[in-house]
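So this block is run-v3.txt, compact mmCIF, C-alpha atoms and all ligand atoms:
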```txt
# COMPACT_ATOMS: atom_id res chain seq x y z
CA MET A 1 122.36 97.82 151.87
CA LYS A 2 120.12 94.83 152.43
CA LYS A 3 119.22 92.83 149.31
CA SER A 4 115.52 93.66 149.62
CA THR A 5 116.35 97.39 149.90
CA LYS A 6 118.50 97.18 146.77
CA VAL A 7 115.67 95.55 144.82
CA LEU A 8 113.24 98.18 146.07
CA SER A 9 115.51 101.08 145.06
CA ALA A 10 116.07 99.53 141.62
CA ILE A 11 112.30 99.35 141.14
CA LEU A 12 111.89 102.96 142.29
CA VAL A 13 114.62 104.22 139.92
CA GLY A 14 113.00 102.21 137.11
CA LEU A 15 109.60 103.77 137.80
CA ALA A 16 111.15 107.24 137.92
CA ILE A 17 112.85 107.02 134.50
CA LEU A 18 109.94 105.27 132.74
CA PRO A 19 108.02 108.49 131.95
CA VAL A 20 111.24 110.08 130.61
CA LEU A 21 111.92 107.09 128.37
CA SER A 22 108.38 106.88 127.07
CA ASP A 23 108.40 110.61 126.32
CA THR A 24 111.52 110.48 124.23
CA LEU A 25 111.26 107.06 122.61
CA LEU A 26 107.66 105.95 122.53
CA ALA A 27 104.94 108.54 122.89
CA GLN A 28 104.82 111.57 120.63
CA SER A 29 102.40 114.41 121.13
CA ASP A 30 100.24 115.91 118.39
CA ASP A 31 102.60 118.91 118.30
CA GLU A 32 105.60 116.66 117.76
CA PHE A 33 103.79 114.78 114.98
CA GLN A 34 102.86 118.10 113.34
CA ALA A 35 106.49 119.25 113.55
CA ALA A 36 107.66 115.96 112.00
CA ARG A 37 105.03 116.38 109.26
CA ASP A 38 106.18 119.95 108.52
CA ARG A 39 109.79 118.73 108.25
CA MET A 40 108.63 115.98 105.87
CA VAL A 41 106.93 118.57 103.66
CA ALA A 42 109.93 120.90 103.69
CA TRP A 43 112.71 118.37 103.09
CA GLN A 44 111.19 115.37 101.32
CA LEU A 45 108.59 117.17 99.18
CA LYS A 46 109.52 120.84 98.60
CA GLY A 47 113.17 119.74 98.69
CA ARG A 48 112.41 117.57 95.66
CA ASP A 49 109.96 118.50 92.91
CA ILE A 50 106.61 118.81 94.68
CA THR A 51 105.56 122.36 93.85
CA ASP A 52 101.74 122.24 93.88
CA ASP A 53 100.62 124.23 96.95
CA ARG A 54 97.37 122.31 97.31
CA VAL A 55 99.26 119.01 97.39
CA LEU A 56 101.78 120.39 99.89
CA SER A 57 99.03 121.61 102.25
CA ALA A 58 97.17 118.29 101.97
CA MET A 59 100.38 116.45 102.91
CA ALA A 60 100.88 118.87 105.83
CA ARG A 61 97.33 118.26 107.11
CA VAL A 62 96.68 114.51 106.88
CA PRO A 63 97.96 112.70 110.02
CA ARG A 64 99.95 109.93 108.34
CA HIS A 65 100.87 108.45 111.76
CA ARG A 66 97.21 107.46 112.18
CA PHE A 67 97.35 105.32 109.01
CA VAL A 68 100.20 103.02 110.14
CA PRO A 69 100.26 100.44 112.95
CA GLU A 70 100.64 102.25 116.28
CA PHE A 71 104.13 100.93 117.00
CA LEU A 72 105.35 102.43 113.71
CA ALA A 73 103.79 105.87 114.32
CA PRO A 74 107.15 107.43 115.31
CA LEU A 75 108.45 106.46 111.83
CA ALA A 76 105.43 107.75 109.90
CA TYR A 77 107.14 110.90 108.61
CA GLU A 78 110.38 109.24 107.47
CA ASP A 79 111.33 108.95 103.81
CA HIS A 80 110.26 105.33 103.18
CA PRO A 81 107.27 102.99 102.81
CA LEU A 82 105.95 101.15 105.91
CA PRO A 83 104.11 97.84 106.42
CA ILE A 84 100.35 98.10 107.06
CA GLY A 85 99.59 94.39 107.61
CA SER A 86 98.39 91.68 105.17
CA GLU A 87 101.87 91.95 103.53
CA GLN A 88 100.96 95.35 102.06
CA THR A 89 102.67 98.72 102.41
CA ILE A 90 101.81 102.41 102.58
CA SER A 91 103.96 104.20 99.97
CA GLN A 92 106.80 106.60 100.77
CA PRO A 93 105.36 110.12 101.35
CA TYR A 94 107.16 111.52 98.27
CA ILE A 95 105.53 108.93 95.97
CA VAL A 96 102.05 109.72 97.38
CA ALA A 97 102.68 113.45 96.84
CA LEU A 98 104.02 112.93 93.31
CA MET A 99 101.10 110.72 92.24
CA THR A 100 98.73 113.34 93.66
CA GLN A 101 100.54 116.16 91.87
CA TRP A 102 100.46 114.21 88.59
CA ALA A 103 96.71 113.61 89.08
CA GLY A 104 96.10 117.39 88.98
CA VAL A 105 92.85 117.06 90.96
CA LYS A 106 90.59 120.12 91.07
CA ALA A 107 87.77 120.72 93.58
CA GLY A 108 84.69 118.79 92.44
CA ASP A 109 86.64 116.29 90.27
CA LYS A 110 85.60 112.66 90.58
CA VAL A 111 88.66 110.54 91.42
CA LEU A 112 89.18 106.78 91.64
CA GLU A 113 91.94 105.06 93.58
CA VAL A 114 92.65 101.34 93.10
CA GLY A 115 94.36 99.84 96.18
CA THR A 116 92.98 101.59 99.28
CA GLY A 117 95.47 99.91 101.66
CA SER A 118 95.56 102.10 104.78
CA GLY A 119 93.36 104.82 103.25
CA TYR A 120 96.15 107.42 103.40
CA GLN A 121 96.27 108.25 99.67
CA ALA A 122 92.46 108.47 99.67
CA ALA A 123 92.58 110.97 102.57
CA ILE A 124 95.12 113.10 100.67
CA LEU A 125 92.80 113.10 97.64
CA ALA A 126 89.85 113.96 99.89
CA GLU A 127 91.65 117.16 100.87
CA LEU A 128 91.45 118.18 97.19
CA THR A 129 87.96 117.08 96.15
CA ASP A 130 84.83 115.75 97.84
CA LYS A 131 84.35 112.96 95.27
CA VAL A 132 86.85 110.24 96.10
CA TYR A 133 86.14 106.56 95.32
CA THR A 134 88.57 103.85 96.43
CA ILE A 135 88.60 100.08 95.94
CA GLU A 136 90.44 97.50 98.07
CA LEU A 137 90.59 93.78 97.32
CA ARG A 138 91.42 92.56 100.86
CA PRO A 139 88.35 92.78 103.13
CA GLU A 140 90.30 93.31 106.37
CA LEU A 141 92.15 96.29 104.86
CA ALA A 142 89.01 97.75 103.26
CA GLN A 143 87.13 97.57 106.56
CA ALA A 144 89.97 99.07 108.61
CA ALA A 145 90.53 101.89 106.10
CA ASP A 146 86.82 102.72 105.99
CA GLY A 147 86.65 102.97 109.80
CA ARG A 148 89.85 105.02 109.97
CA LEU A 149 88.72 107.47 107.27
CA LYS A 150 85.38 108.00 109.05
CA ALA A 151 87.09 108.49 112.44
CA LEU A 152 89.45 111.10 110.97
CA GLY A 153 86.73 113.16 109.29
CA TYR A 154 87.08 111.74 105.75
CA GLY A 155 83.69 110.02 105.84
CA ARG A 156 82.81 111.30 102.35
CA VAL A 157 85.36 108.93 100.79
CA LYS A 158 83.53 105.93 99.32
CA VAL A 159 85.38 102.70 100.10
CA LYS A 160 84.43 99.53 98.20
CA CYS A 161 85.75 96.05 98.85
CA GLY A 162 86.28 94.41 95.47
CA ASP A 163 88.53 93.93 92.46
CA GLY A 164 89.83 97.30 91.31
CA TYR A 165 91.02 95.73 88.04
CA GLN A 166 87.40 96.09 86.96
CA GLY A 167 87.22 99.71 88.15
CA TRP A 168 83.92 101.16 89.45
CA PRO A 169 81.69 101.31 86.32
CA GLU A 170 78.61 102.65 88.16
CA GLU A 171 80.53 105.80 89.14
CA ALA A 172 82.47 106.37 85.87
CA PRO A 173 83.73 108.50 84.24
CA PHE A 174 86.56 109.72 86.46
CA ALA A 175 88.71 112.83 85.95
CA ALA A 176 91.67 110.96 87.45
CA ILE A 177 92.48 107.33 88.32
CA LEU A 178 95.38 106.37 90.58
CA VAL A 179 96.49 102.75 90.84
CA THR A 180 98.67 102.21 93.91
CA ALA A 181 99.79 98.63 93.16
CA ALA A 182 101.99 97.47 90.28
CA ALA A 183 100.25 96.01 87.22
CA SER A 184 101.61 94.19 84.17
CA GLN A 185 99.43 96.33 81.91
CA VAL A 186 96.83 99.08 82.17
CA PRO A 187 93.54 97.37 83.11
CA PRO A 188 91.26 98.00 80.07
CA ALA A 189 88.29 98.83 82.33
CA LEU A 190 90.25 101.73 83.82
CA THR A 191 90.98 103.24 80.40
CA ALA A 192 87.29 102.94 79.56
CA GLN A 193 86.25 104.61 82.83
CA LEU A 194 88.63 107.56 82.42
CA MET A 195 87.13 110.82 81.18
CA GLU A 196 88.39 112.30 77.91
CA GLY A 197 91.34 114.52 78.91
CA GLY A 198 91.56 112.68 82.26
CA ARG A 199 94.75 111.40 83.88
CA LEU A 200 95.70 107.84 84.81
CA ILE A 201 98.67 107.14 87.06
CA ILE A 202 99.83 103.55 87.37
CA PRO A 203 103.04 101.65 88.24
CA LEU A 204 103.72 99.15 85.43
CA GLY A 205 106.11 96.22 85.49
CA PRO A 206 106.70 92.74 86.95
CA PRO A 207 106.12 92.13 90.69
CA GLY A 208 109.34 92.54 92.65
CA GLY A 209 111.16 93.70 89.51
CA PHE A 210 111.84 97.03 87.90
CA GLN A 211 108.66 99.09 87.62
CA THR A 212 107.83 102.41 86.05
CA MET A 213 105.17 104.72 87.38
CA ALA A 214 103.51 106.20 84.34
CA LEU A 215 101.25 109.21 83.85
CA PHE A 216 98.83 108.89 80.93
CA ARG A 217 96.32 111.36 79.47
CA LYS A 218 93.26 110.13 77.59
CA ILE A 219 93.24 111.90 74.24
CA ASN A 220 90.67 110.96 71.56
CA GLY A 221 89.86 107.80 73.50
CA LYS A 222 93.51 106.62 73.64
CA LEU A 223 96.13 106.78 76.41
CA LYS A 224 99.10 109.02 75.74
CA GLU A 225 102.11 108.74 78.09
CA GLU A 226 103.21 112.09 79.53
CA ASN A 227 105.66 111.24 82.30
CA ARG A 228 107.39 108.30 84.03
CA LEU A 229 109.52 107.47 87.07
CA PRO A 230 111.23 104.25 88.29
CA VAL A 231 109.44 102.88 91.41
CA SER A 232 108.80 99.75 93.48
CA PHE A 233 105.23 98.82 94.47
CA VAL A 234 103.44 95.76 95.86
CA PRO A 235 101.69 93.84 93.03
CA LEU A 236 98.16 94.45 91.78
CA VAL A 237 96.18 91.22 91.83
CA GLU A 238 95.21 90.66 88.17
CA PRO A 239 92.97 88.12 86.44
CA ARG A 240 94.91 85.00 85.38
N1 LIG B 1 97.32 103.45 98.60
C1 LIG B 1 97.55 102.67 99.80
C2 LIG B 1 98.69 101.67 99.69
C3 LIG B 1 98.43 100.66 98.63
S1 LIG B 1 99.25 99.11 98.81
C4 LIG B 1 97.75 103.59 101.00
O1 LIG B 1 97.70 104.82 100.85
O2 LIG B 1 97.92 103.05 102.10
C5 LIG B 1 98.39 98.33 97.48
C6 LIG B 1 97.00 97.87 97.85
O3 LIG B 1 96.38 97.38 96.67
C7 LIG B 1 96.97 96.72 98.86
O4 LIG B 1 96.20 97.07 99.95
C8 LIG B 1 96.36 95.56 98.07
O5 LIG B 1 95.54 94.73 98.86
C9 LIG B 1 95.54 96.30 97.02
N2 LIG B 1 95.22 95.54 95.80
C10 LIG B 1 95.99 94.66 95.13
N3 LIG B 1 95.33 94.20 94.04
C11 LIG B 1 94.11 94.81 94.03
C12 LIG B 1 92.98 94.76 93.17
N4 LIG B 1 92.97 93.97 92.08
N5 LIG B 1 91.91 95.54 93.47
C13 LIG B 1 91.90 96.34 94.57
N6 LIG B 1 92.94 96.42 95.42
C14 LIG B 1 94.03 95.67 95.15
```
Here is a file; write its structure as structure tokens.
Ligand code: SAH
Amino acid sequence: MKKSTKVLSAILVGLAILPVLSDTLLAQSDDEFQAARDRMVAWQLKGRDITDDRVLSAMARVPRHRFVPEFLAPLAYEDHPLPIGSEQTISQPYIVALMTQWAGVKAGDKVLEVGTGSGYQAAILAELTDKVYTIELRPELAQAADGRLKALGYGRVKVKCGDGYQGWPEEAPFAAILVTAAASQVPPALTAQLMEGGRLIIPLGPPGGFQTMALFRKINGKLKEENRLPVSFVPLVEPR
């Protein structure tokens, strides 16, 4: 075979296998994403201690692969956190589901999330109530999450760019508050903005060190711890 013919046939073979490769390795169809999501719900959530049907259906509906950078979409339904840019991460699906289950959100409840990140946790909450408020410190993340939530039909979620350590006093009180970054202590403003009987979920502990995700209930104006779990979160930016 002449050299030029060999080159040409190599190119043709390459072109022929490209669609096969991209089908198996790169592109995934909506059906394949749904199947991966259903497996995630069955194995990672029901297989552990997520028992709340409303939380399970929310996790089965929200397209997590649309909340991560496109090149990571094929990994969106795996059992781990993923980077979302600006050195931040979207939590492992199980942790999102557990925080949501602990929050015990009912339809019509007003809920605050501190640390919007990708907007994924906010979308999960929006499946449970139409009053979701979320605050993100980093403008580029807040803007991207707002656009993404609108594009995916979660336009009722209110996204604010600002310091979540101060909460959202104009919208208080909240039936539940979820902090999705690790803090050294419970921000006092969040306790104040929690409704009596309301639930606050927050990872506490030093950045990069051992942290505990705690569930508190507000009883007679004071926080009472009801549950805890060892976790690892990116740090909450706190006042110095
Ligand atoms: N819940 C997100 C992931 C959160 S990562 C999701 O579902 O994708 C933690 C986020 O908290 C980061 O985006 C970080 O920028 C934000 N953050 C850190 N300190 C903050 C503060 N003081 N106020 C608001 N957001 C803060």
Looking at only C-alpha atoms and all ligand atoms, which of A:Gly47, A:Pro83, A:Gly108, A:Gly164 is the one that sits closest to ligand LIG 1 (chain B)?
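Of all the options, A:Gly164 lies closest to ligand LIG 1 (chain B).
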Would you mind listing, for every residue of chain A within 7 Å of ligand LIG 1 (chain B), the two atoms forming the shortest contact and the distance between them in Å to one decimal, using all atoms listed in the file, sorted by chain and ascending residue number, as CSV?
```
residue,atom,partner,partner_atom,distance
A:Gln88,CA,B:LIG1,S1,5.3
A:Thr89,CA,B:LIG1,S1,5.0
A:Ile90,CA,B:LIG1,O2,4.0
A:Ser91,CA,B:LIG1,C2,5.9
A:Val114,CA,B:LIG1,C13,5.3
A:Gly115,CA,B:LIG1,O3,3.2
A:Thr116,CA,B:LIG1,C1,4.7
A:Gly117,CA,B:LIG1,O4,3.4
A:Ser118,CA,B:LIG1,O2,3.7
A:Gly119,CA,B:LIG1,O1,5.0
A:Tyr120,CA,B:LIG1,O1,4.0
A:Gln121,CA,B:LIG1,O1,3.9
A:Ala122,CA,B:LIG1,O1,6.5
A:Ile135,CA,B:LIG1,C13,5.2
A:Glu136,CA,B:LIG1,N6,3.8
A:Leu137,CA,B:LIG1,C13,4.0
A:Arg138,CA,B:LIG1,O5,5.1
A:Leu141,CA,B:LIG1,O4,6.4
A:Gly162,CA,B:LIG1,C13,6.0
A:Asp163,CA,B:LIG1,N5,3.9
A:Gly164,CA,B:LIG1,N5,3.5
A:Tyr165,CA,B:LIG1,N4,4.8
A:Thr180,CA,B:LIG1,C3,5.0
A:Ala181,CA,B:LIG1,C5,4.6
A:Val234,CA,B:LIG1,C5,5.9
A:Pro235,CA,B:LIG1,C10,6.1
A:Leu236,CA,B:LIG1,N3,3.6
A:Val237,CA,B:LIG1,N3,3.8
A:Glu238,CA,B:LIG1,N4,5.6
```
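For the set A:Ala60, A:Leu215, A:Ala123, A:Ala182, the residue with the smallest atom-to-atom gap to Ala151 of chain A is A:Ala123, counting all atoms listed in the file.
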Give me the residues near segment 217-230 of chain A as a ChimeraX atom specification, where near means some atom within 10 Å (using only C-alpha atoms) and where sequence neighbours in that chain fewer than 5 positions away do not count.
/A:95,98,102-103,175-176,186,191-192,194-205,210-212
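Going from atom CA of Lys46 of chain A to atom CA of Pro93 of chain A covers 11.8 Å.
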Grab all the atoms of segment 31-45 of chain A that the file lists, wrap them in a box along x, y and z, add 3 Å per side, and give me centre plus edge lengths in Å (one decimal) as AutoDock Vina command-line options.
```
--center_x 107.7 --center_y 117.8 --center_z 108.7 --size_x 16.1 --size_y 12.1 --size_z 25.1
```
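Atom to atom, atom CA of Asp31 of chain A and atom CA of His65 of chain A stand 12.5 Å apart.
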Local residues around (96.9, 94.4, 108.0), at most 7 Å away, using all atoms listed in the file, as a ChimeraX atom specification:
/A:84-86,140-141
Atom CA of Ser29 of chain A to atom CA of Pro74 of chain A, distance in Å rounded to a single decimal
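One can read the atom CA of Ser29 of chain A to atom CA of Pro74 of chain A distance as 10.3 Å.
Using all atoms listed in the file for every distance, the candidate list A:Val231, A:Met59, A:Val132, A:Val96 yields A:Val132 as the residue closest to Asp109 of chain A.
Checking A:Asp130, A:Gln34, A:Arg240, A:Tyr94 one by one against His80 of chain A, counting only C-alpha atoms, you find the shortest gap at A:Tyr94.
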Just need segment 89-102 of chain A in a file, please: all heavy atoms, as an mmCIF file, in the first residue's frame.
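Below is the file result_34.cif, written as the result:
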```cif
data_model
loop_
_atom_site.group_PDB
_atom_site.id
_atom_site.type_symbol
_atom_site.label_atom_id
_atom_site.label_comp_id
_atom_site.auth_asym_id
_atom_site.auth_seq_id
_atom_site.Cartn_x
_atom_site.Cartn_y
_atom_site.Cartn_z
ATOM 1 N N THR A 89 -16.962 22.748 45.922
ATOM 2 C CA THR A 89 -17.441 21.422 45.511
ATOM 3 C C THR A 89 -18.950 21.286 45.713
ATOM 4 O O THR A 89 -19.536 21.937 46.571
ATOM 5 C CB THR A 89 -16.764 20.289 46.339
ATOM 6 O OG1 THR A 89 -16.957 20.566 47.724
ATOM 7 C CG2 THR A 89 -15.284 20.169 46.045
ATOM 8 N N ILE A 90 -19.547 20.417 44.903
ATOM 9 C CA ILE A 90 -20.927 19.997 45.106
ATOM 10 C C ILE A 90 -20.811 18.744 45.978
ATOM 11 O O ILE A 90 -19.969 17.883 45.724
ATOM 12 C CB ILE A 90 -21.610 19.732 43.743
ATOM 13 C CG1 ILE A 90 -23.044 19.230 43.886
ATOM 14 C CG2 ILE A 90 -20.860 18.748 42.890
ATOM 15 C CD1 ILE A 90 -23.781 19.142 42.523
ATOM 16 N N SER A 91 -21.630 18.658 47.041
ATOM 17 C CA SER A 91 -21.499 17.542 47.985
ATOM 18 C C SER A 91 -21.879 16.212 47.345
ATOM 19 O O SER A 91 -22.609 16.163 46.348
ATOM 20 C CB SER A 91 -22.405 17.765 49.190
ATOM 21 O OG SER A 91 -22.093 18.966 49.833
ATOM 22 N N GLN A 92 -21.417 15.150 47.973
ATOM 23 C CA GLN A 92 -21.787 13.771 47.602
ATOM 24 C C GLN A 92 -23.328 13.654 47.655
ATOM 25 O O GLN A 92 -23.953 14.219 48.564
ATOM 26 C CB GLN A 92 -21.122 12.907 48.674
ATOM 27 C CG GLN A 92 -21.377 11.458 48.676
ATOM 28 C CD GLN A 92 -20.879 10.877 50.017
ATOM 29 O OE1 GLN A 92 -20.409 11.598 50.900
ATOM 30 N NE2 GLN A 92 -20.995 9.579 50.151
ATOM 31 N N PRO A 93 -23.955 12.956 46.701
ATOM 32 C CA PRO A 93 -25.424 12.865 46.692
ATOM 33 C C PRO A 93 -26.016 12.436 48.036
ATOM 34 O O PRO A 93 -27.024 12.986 48.478
ATOM 35 C CB PRO A 93 -25.705 11.811 45.615
ATOM 36 C CG PRO A 93 -24.522 11.863 44.710
ATOM 37 C CD PRO A 93 -23.351 12.251 45.555
ATOM 38 N N TYR A 94 -25.384 11.470 48.709
ATOM 39 C CA TYR A 94 -25.916 10.978 49.987
ATOM 40 C C TYR A 94 -26.005 12.100 51.027
ATOM 41 O O TYR A 94 -26.994 12.194 51.762
ATOM 42 C CB TYR A 94 -25.049 9.827 50.524
ATOM 43 C CG TYR A 94 -25.394 9.449 51.944
ATOM 44 C CD1 TYR A 94 -26.619 8.842 52.239
ATOM 45 C CD2 TYR A 94 -24.524 9.739 53.000
ATOM 46 C CE1 TYR A 94 -26.963 8.519 53.551
ATOM 47 C CE2 TYR A 94 -24.849 9.421 54.310
ATOM 48 C CZ TYR A 94 -26.072 8.816 54.578
ATOM 49 O OH TYR A 94 -26.413 8.511 55.871
ATOM 50 N N ILE A 95 -24.977 12.968 51.066
ATOM 51 C CA ILE A 95 -24.971 14.052 52.058
ATOM 52 C C ILE A 95 -26.091 15.056 51.755
ATOM 53 O O ILE A 95 -26.782 15.536 52.654
ATOM 54 C CB ILE A 95 -23.583 14.748 52.101
ATOM 55 C CG1 ILE A 95 -22.517 13.761 52.610
ATOM 56 C CG2 ILE A 95 -23.611 15.999 52.958
ATOM 57 C CD1 ILE A 95 -22.682 13.314 54.062
ATOM 58 N N VAL A 96 -26.295 15.353 50.467
ATOM 59 C CA VAL A 96 -27.394 16.260 50.075
ATOM 60 C C VAL A 96 -28.731 15.662 50.525
ATOM 61 O O VAL A 96 -29.579 16.336 51.119
ATOM 62 C CB VAL A 96 -27.402 16.493 48.538
ATOM 63 C CG1 VAL A 96 -28.609 17.308 48.114
ATOM 64 C CG2 VAL A 96 -26.102 17.170 48.096
ATOM 65 N N ALA A 97 -28.913 14.361 50.257
ATOM 66 C CA ALA A 97 -30.172 13.693 50.616
ATOM 67 C C ALA A 97 -30.364 13.672 52.128
ATOM 68 O O ALA A 97 -31.469 13.926 52.629
ATOM 69 C CB ALA A 97 -30.177 12.269 50.056
ATOM 70 N N LEU A 98 -29.277 13.404 52.876
ATOM 71 C CA LEU A 98 -29.399 13.322 54.332
ATOM 72 C C LEU A 98 -29.740 14.693 54.934
ATOM 73 O O LEU A 98 -30.621 14.800 55.799
ATOM 74 C CB LEU A 98 -28.106 12.775 54.942
ATOM 75 C CG LEU A 98 -28.213 12.471 56.434
ATOM 76 C CD1 LEU A 98 -29.136 11.278 56.692
ATOM 77 C CD2 LEU A 98 -26.849 12.203 57.054
ATOM 78 N N MET A 99 -29.051 15.736 54.453
ATOM 79 C CA MET A 99 -29.347 17.079 54.963
ATOM 80 C C MET A 99 -30.807 17.431 54.677
ATOM 81 O O MET A 99 -31.496 18.028 55.500
ATOM 82 C CB MET A 99 -28.426 18.125 54.313
ATOM 83 C CG MET A 99 -26.977 18.019 54.763
ATOM 84 S SD MET A 99 -25.919 19.297 54.036
ATOM 85 C CE MET A 99 -26.090 20.625 55.222
ATOM 86 N N THR A 100 -31.276 17.044 53.488
ATOM 87 C CA THR A 100 -32.657 17.342 53.107
ATOM 88 C C THR A 100 -33.628 16.555 53.980
ATOM 89 O O THR A 100 -34.644 17.096 54.447
ATOM 90 C CB THR A 100 -32.884 17.013 51.610
ATOM 91 O OG1 THR A 100 -31.806 17.579 50.860
ATOM 92 C CG2 THR A 100 -34.199 17.562 51.112
ATOM 93 N N GLN A 101 -33.300 15.294 54.239
ATOM 94 C CA GLN A 101 -34.166 14.474 55.088
ATOM 95 C C GLN A 101 -34.212 15.051 56.509
ATOM 96 O O GLN A 101 -35.283 15.178 57.105
ATOM 97 C CB GLN A 101 -33.648 13.036 55.105
ATOM 98 C CG GLN A 101 -34.479 12.087 55.953
ATOM 99 C CD GLN A 101 -34.187 10.619 55.618
ATOM 100 O OE1 GLN A 101 -34.703 10.077 54.652
ATOM 101 N NE2 GLN A 101 -33.355 9.976 56.414
ATOM 102 N N TRP A 102 -33.050 15.451 57.027
ATOM 103 C CA TRP A 102 -32.991 16.050 58.363
ATOM 104 C C TRP A 102 -33.808 17.347 58.420
ATOM 105 O O TRP A 102 -34.397 17.678 59.449
ATOM 106 C CB TRP A 102 -31.537 16.341 58.758
ATOM 107 C CG TRP A 102 -30.785 15.142 59.272
ATOM 108 C CD1 TRP A 102 -31.234 13.843 59.311
ATOM 109 C CD2 TRP A 102 -29.464 15.131 59.823
ATOM 110 N NE1 TRP A 102 -30.252 13.035 59.847
ATOM 111 C CE2 TRP A 102 -29.168 13.793 60.168
ATOM 112 C CE3 TRP A 102 -28.482 16.113 60.037
ATOM 113 C CZ2 TRP A 102 -27.938 13.420 60.739
ATOM 114 C CZ3 TRP A 102 -27.266 15.738 60.606
ATOM 115 C CH2 TRP A 102 -26.997 14.414 60.950
#
```
